[in-house]
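Presented below is the structure to which this report refers.
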Amino acid sequence: MAIDIVRAENLEHALELLARDGAQARPLAGGTDLMLRLRAGRLAARTLVSIADLSDLAYVREQADRVELGALTRVADLITHPVYSREFPAGARAARDFASPQIRNRGTLGGNVGNASPAADNVPPLITFGATVTLQSKRGGRSMPIEDFFEGPGRTRAAPDEMIVGFQVPKRPGAFQFFAKFGSRNANVISIASAALCLRLDGETVREARVAYGCCAPVPLRARRVESYLSGQRLDERLIAGVREAVLGDIKPIDDVRGSRRYKELLVINATEDALRGALESVRKAA
Ligand SMILES: Cc1cc2nc3c(=O)[nH]c(=O)nc-3n(C[C@H](O)[C@H](O)[C@H](O)COP(=O)(O)OP(=O)(O)OC[C@H]3O[C@@H](n4cnc5c(N)ncnc54)[C@H](O)[C@@H]3O)c2cc1C
């Protein structure tokens with residue numbers, strides 16, 4: 001089947017093309033996921049709407065209480081941008097652990113989220129920061145928490161005529177942030193599993209816990225059992241020792257080519273325990 005690639009001149013043009021071709025059209029950003037699917041014959045689309053020229057959607061903007069990220073922000077820019085790396089060190093870490101310099105220079109944040117892989121590395125930290133995704137179509141705009149955006153592997157709640165235009169990320173001043181990714185080697189691999197935590201601490205008490213895992217469910221997963229297990233509790237060795245049961249209650253990893261279910265369970269349990277020990281250490285150092 002022949003596929004048309006149309007270059008959108010601006011956002012309005014892109015939205016018109018998506019509205020015109022509906023379920024037959026897909027936005028094409030950096031192409032690092034899409035072109036692989038196209039070559040493998042796994043793309044059910046007749047029109048690719050190239051949004052690569054929409055430079056207005058490539059930004060990191062600081063507001064008093066949040067940071068706004070454009071959909072076309074390249075993964076490489078998340079590592080080096082002074083505001084993102086200052087406010088969200090765990091997000092910058094996820095961007096640094098992502099793929100290779102070539103892929104980071106082409107791949108966009110909107111593409112990483114729009115691809116809806118349970119292994120998308122930027123997503124677990126964004127879930128823990130409370131980020132929302134903003135969608136736009138000719139019919140108007142809407143936003144939703146990023147953890148609600150995914151329906152299953154490769155499936156999102158965006159309608160065929162909608163595209164992601166950006167993200168709002170609330171600042172988390174003073175919060176302890178953590179991200180760890182596990183792969184078969186240190187660079188240029190898709191995660192076997194990943195873990196992100198963002199903890200608001202008051203002395204050694206966890207006031208608020210936000211926790212998310214990659215590759216542990218059909219979608220990037222917000223770990224609500226772990227969050228409620230930790231929230232309001234004193235952070236000590238007893239709490240850390242008990243977290244594994246809460247993690248196992250949240251996650252449902254599968255055996256696949258990258259790792260067994262059991263291996264993924266151990267990775268995220270260990271990462272969660274390490275994060276909590278790191279948080280305790282940082283509180284005690286600061287006291
Ligand atoms: C060698 C290699 C290594 C990789 N390593 C990693 C890794 O370590 N971690 C990781 O998470 N990913 C990795 N990836 C996957 C990929 O690079 C990322 O998901 C990347 O962020 C995709 O961005 P893109 O701009 O290239 O998206 P595209 O390929 O252009 O698009 C991907 C999907 O998102 C949709 N899309 C794009 N932009 C929008 C938008 N604005 N609104 C709605 N939908 C949109 C497209 O229609 C398509 O379905 C790797 C890929 C390769 C080839």
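Identifiers in this document derive from the order of the structure tokens: chains are assigned A, B, ..., residues are numbered from 1 separately in each chain, and ligands are numbered from 1 in order of occurrence.
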Task: All residues having an atom within 6 Å of ligand 1 (only C-alpha atoms and all ligand atoms) as a PyMOL selection string - done: chain A and resi 26-34+71+98-99+103+106-112+114-115+119-121+163-165+188-190
Open item on the list: If DSSP is run on the backbone, what residues of segment 86-191 of chain A are strand (DSSP E or B)? A reply as a VMD selection string would be ideal.
Closed with: chain A and resid 108 132 to 137 140 to 145 150 to 152 155 to 156 163 to 170 176 to 182
Residues of segment 164-268 of chain A at most 9 Å from segment 132-139 of chain A: nearest atom pair and distance in Å, only C-alpha atoms, as a tab-separated table:
residue	atom	partner	partner_atom	distance
A:Ile164	CA	A:Leu135	CA	4.4
A:Val165	CA	A:Leu135	CA	5.7
A:Gly166	CA	A:Thr134	CA	5.3
A:Phe167	CA	A:Val133	CA	4.6
A:Gln168	CA	A:Thr132	CA	5.3
A:Val169	CA	A:Thr132	CA	6.6
A:Pro170	CA	A:Thr132	CA	8.8
- [ ] Can you pull out every residue within 12 Å of Pro118 of chain A, counting only C-alpha atoms, but drop anything in the same chain fewer than 2 positions away, and send it as a VMD selection string?
- [x] chain A and resid 112 to 116 120 to 124 147 149 to 156 190 to 195 212 to 222 252 to 254
Let me see the file: selected residues, N, CA, C and O atoms, as a compact mmCIF listing (two decimals), in the first residue's frame.
# COMPACT_ATOMS: atom_id res chain seq x y z
N ASN A 112 7.72 9.83 22.04
CA ASN A 112 7.92 8.80 23.07
C ASN A 112 6.60 8.49 23.77
O ASN A 112 6.28 7.33 24.04
N VAL A 113 5.81 9.54 24.02
CA VAL A 113 4.52 9.34 24.69
C VAL A 113 3.48 8.81 23.68
O VAL A 113 2.75 7.87 23.97
N GLY A 114 3.46 9.40 22.47
CA GLY A 114 2.47 9.00 21.45
C GLY A 114 2.65 7.56 21.00
O GLY A 114 1.70 6.91 20.58
N ASN A 115 3.86 7.04 21.12
CA ASN A 115 4.13 5.65 20.72
C ASN A 115 3.50 4.65 21.69
O ASN A 115 3.27 3.49 21.33
N ALA A 116 3.23 5.10 22.91
CA ALA A 116 2.51 4.31 23.92
C ALA A 116 3.14 2.95 24.18
O ALA A 116 2.45 1.94 24.31
N ALA A 120 8.48 3.11 27.42
CA ALA A 120 8.90 4.50 27.13
C ALA A 120 9.55 5.12 28.37
O ALA A 120 8.90 5.31 29.40
N ASP A 121 10.83 5.45 28.26
CA ASP A 121 11.58 5.82 29.46
C ASP A 121 11.20 7.16 30.07
O ASP A 121 11.38 7.37 31.27
N ASN A 122 10.73 8.10 29.24
CA ASN A 122 10.40 9.41 29.82
C ASN A 122 9.10 9.40 30.62
O ASN A 122 8.83 10.33 31.37
N VAL A 123 8.30 8.35 30.44
CA VAL A 123 6.94 8.41 31.00
C VAL A 123 6.90 8.17 32.52
O VAL A 123 6.25 8.95 33.24
N PRO A 124 7.56 7.14 33.08
CA PRO A 124 7.44 6.95 34.53
C PRO A 124 7.81 8.19 35.35
O PRO A 124 7.04 8.58 36.25
N GLU A 147 -0.81 9.48 33.07
CA GLU A 147 -1.03 8.04 33.30
C GLU A 147 -2.37 7.56 32.74
O GLU A 147 -2.57 6.37 32.53
N PHE A 149 -3.48 8.50 29.79
CA PHE A 149 -3.44 8.67 28.34
C PHE A 149 -3.31 7.33 27.59
O PHE A 149 -3.65 7.22 26.43
N PHE A 150 -2.84 6.30 28.29
CA PHE A 150 -2.51 5.04 27.61
C PHE A 150 -3.63 4.01 27.78
O PHE A 150 -4.15 3.84 28.87
N GLU A 151 -3.94 3.32 26.68
CA GLU A 151 -4.97 2.28 26.74
C GLU A 151 -4.36 0.88 26.71
O GLU A 151 -4.96 -0.07 27.19
N GLY A 152 -3.23 0.74 26.07
CA GLY A 152 -2.57 -0.56 25.93
C GLY A 152 -1.33 -0.34 25.07
O GLY A 152 -1.08 0.79 24.63
N PRO A 153 -0.57 -1.39 24.81
CA PRO A 153 0.65 -1.20 24.01
C PRO A 153 0.29 -0.59 22.65
O PRO A 153 -0.53 -1.14 21.92
N GLY A 154 0.85 0.58 22.35
CA GLY A 154 0.60 1.25 21.06
C GLY A 154 -0.76 1.92 20.96
O GLY A 154 -1.10 2.43 19.90
N ARG A 155 -1.53 1.92 22.03
CA ARG A 155 -2.88 2.52 21.97
C ARG A 155 -3.04 3.62 23.01
O ARG A 155 -2.67 3.43 24.18
N THR A 156 -3.58 4.77 22.55
CA THR A 156 -3.78 5.90 23.47
C THR A 156 -5.23 6.35 23.42
O THR A 156 -5.99 5.90 22.57
N ILE A 190 16.38 -0.90 24.87
CA ILE A 190 15.03 -0.72 25.41
C ILE A 190 15.03 -1.32 26.81
O ILE A 190 15.64 -2.37 27.05
N SER A 191 14.34 -0.66 27.73
CA SER A 191 14.34 -1.11 29.13
C SER A 191 13.77 -2.52 29.28
O SER A 191 12.80 -2.88 28.63
N ILE A 192 14.35 -3.26 30.21
CA ILE A 192 13.72 -4.51 30.69
C ILE A 192 12.69 -4.11 31.75
O ILE A 192 11.60 -4.67 31.83
N ALA A 193 13.06 -3.13 32.53
CA ALA A 193 12.13 -2.54 33.51
C ALA A 193 12.69 -1.19 33.93
O ALA A 193 13.89 -0.93 33.77
N SER A 194 11.82 -0.33 34.42
CA SER A 194 12.28 0.96 34.95
C SER A 194 11.42 1.34 36.14
O SER A 194 10.29 0.84 36.28
N ALA A 195 11.97 2.21 36.99
CA ALA A 195 11.25 2.64 38.19
C ALA A 195 11.50 4.12 38.43
O ALA A 195 12.62 4.61 38.24
N ALA A 212 6.03 5.13 39.86
CA ALA A 212 5.61 4.59 38.56
C ALA A 212 6.67 3.62 38.05
O ALA A 212 7.86 3.75 38.37
N TYR A 213 6.20 2.64 37.27
CA TYR A 213 7.11 1.62 36.72
C TYR A 213 6.91 1.48 35.22
O TYR A 213 5.79 1.62 34.72
N GLY A 214 8.00 1.17 34.52
CA GLY A 214 7.93 0.85 33.09
C GLY A 214 8.10 -0.65 32.89
O GLY A 214 8.77 -1.32 33.68
N CYS A 215 7.45 -1.19 31.85
CA CYS A 215 7.56 -2.61 31.45
C CYS A 215 6.96 -3.56 32.49
O CYS A 215 7.36 -4.74 32.55
N CYS A 216 6.08 -3.08 33.32
CA CYS A 216 5.51 -3.92 34.38
C CYS A 216 4.02 -4.13 34.20
O CYS A 216 3.35 -4.66 35.10
N ALA A 217 3.47 -3.68 33.08
CA ALA A 217 2.03 -3.77 32.78
C ALA A 217 1.90 -3.43 31.29
O ALA A 217 2.88 -3.01 30.66
N PRO A 218 0.71 -3.56 30.71
CA PRO A 218 0.57 -3.20 29.29
C PRO A 218 0.79 -1.71 29.01
O PRO A 218 0.98 -1.31 27.87
N VAL A 219 0.74 -0.89 30.06
CA VAL A 219 0.98 0.56 29.91
C VAL A 219 1.96 1.00 30.99
O VAL A 219 2.13 0.30 31.99
N PRO A 220 2.61 2.18 30.82
CA PRO A 220 3.42 2.69 31.93
C PRO A 220 2.50 2.83 33.15
O PRO A 220 1.41 3.39 33.05
N LEU A 221 2.96 2.32 34.29
CA LEU A 221 2.03 2.07 35.40
C LEU A 221 2.26 3.01 36.57
O LEU A 221 3.38 3.13 37.08
N ARG A 222 1.20 3.66 37.02
CA ARG A 222 1.27 4.39 38.29
C ARG A 222 0.99 3.39 39.41
O ARG A 222 -0.06 2.73 39.41
N LYS A 252 2.22 -6.18 36.96
CA LYS A 252 1.86 -7.43 36.28
C LYS A 252 2.78 -7.61 35.07
O LYS A 252 2.32 -7.56 33.93
N PRO A 253 4.09 -7.77 35.32
CA PRO A 253 4.99 -7.92 34.17
C PRO A 253 4.77 -9.27 33.49
O PRO A 253 4.21 -10.19 34.09
N ILE A 254 5.21 -9.37 32.23
CA ILE A 254 5.08 -10.64 31.50
C ILE A 254 6.47 -11.17 31.14
O ILE A 254 7.43 -10.40 31.08
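Nearest-residue note for Ala196 of chain A: choosing from A:Gln102, A:Ala92, A:Ser184, A:Ala241, the minimum distance belongs to A:Ala92, counting only C-alpha atoms.
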- [ ] Kindly give the distance, in Å, that separates atom CA of Gly141 of chain A and atom CA of Glu12 of chain A, rounded to a single decimal.
- [x] 12.6 Å
List as a tab-separated table every residue of segment 70-183 of chain A that is in contact with segment 199-204 of chain A, defined as an atom at most 7 Å from one of its atoms (using only C-alpha atoms), together with the nearest atom pair and the distance in Å rounded to one decimal, sorted by chain and then rising number.
residue	atom	partner	partner_atom	distance
A:Ala175	CA	A:Arg200	CA	4.8
A:Phe176	CA	A:Leu199	CA	5.1
A:Gln177	CA	A:Leu199	CA	6.5
Output N, CA and C atoms of each residue in that selection to a file, as a PDB file, in the first residue's frame.
ATOM      1  N   ALA A 175      11.404  17.910  46.607  1.00  0.00           N
ATOM      2  CA  ALA A 175      11.042  16.485  46.605  1.00  0.00           C
ATOM      3  C   ALA A 175      12.275  15.634  46.283  1.00  0.00           C
ATOM      4  N   PHE A 176      12.295  14.437  46.843  1.00  0.00           N
ATOM      5  CA  PHE A 176      13.334  13.461  46.500  1.00  0.00           C
ATOM      6  C   PHE A 176      12.890  12.742  45.227  1.00  0.00           C
ATOM      7  N   GLN A 177      13.725  12.768  44.205  1.00  0.00           N
ATOM      8  CA  GLN A 177      13.365  12.147  42.918  1.00  0.00           C
ATOM      9  C   GLN A 177      14.332  11.021  42.590  1.00  0.00           C
TER      10      GLN A 177
END
- [ ] Per DSSP on the backbone, filter segment 24-273 of chain A down to the residues in helix (DSSP H, G or I) and report them as an NGL selection string.
- [x] :A and (24 or 34-39 or 55-57 or 75-80 or 82-87 or 89-96 or 101-106 or 109-114 or 123-129 or 146-148 or 224-230 or 237-250 or 261-273)
Open item on the list: Could you check the closest approach to Ala90 of chain A for each of A:Gln63, A:Thr128, A:Thr272, A:Gln233 and tell me which residue wins, using only C-alpha atoms?
Closed with: A:Thr128
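One distance worth recording is that between atom CA of Asp56 of chain A and atom CA of Pro89 of chain A, which is 24.8 Å.
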Task: Polymer residues at most 10 Å from Asp236 of chain A, only C-alpha atoms, same-chain spacing of 4 or more positions, as JSON, numbers by chain - done: {"A": [204, 205, 240, 241, 276, 277, 280]}
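The shortest atom-to-atom distance to Ser85 of chain A, with only C-alpha atoms taken into account, belongs to A:Val67 out of A:Ile127, A:Val67, A:Ala286, A:Leu267.
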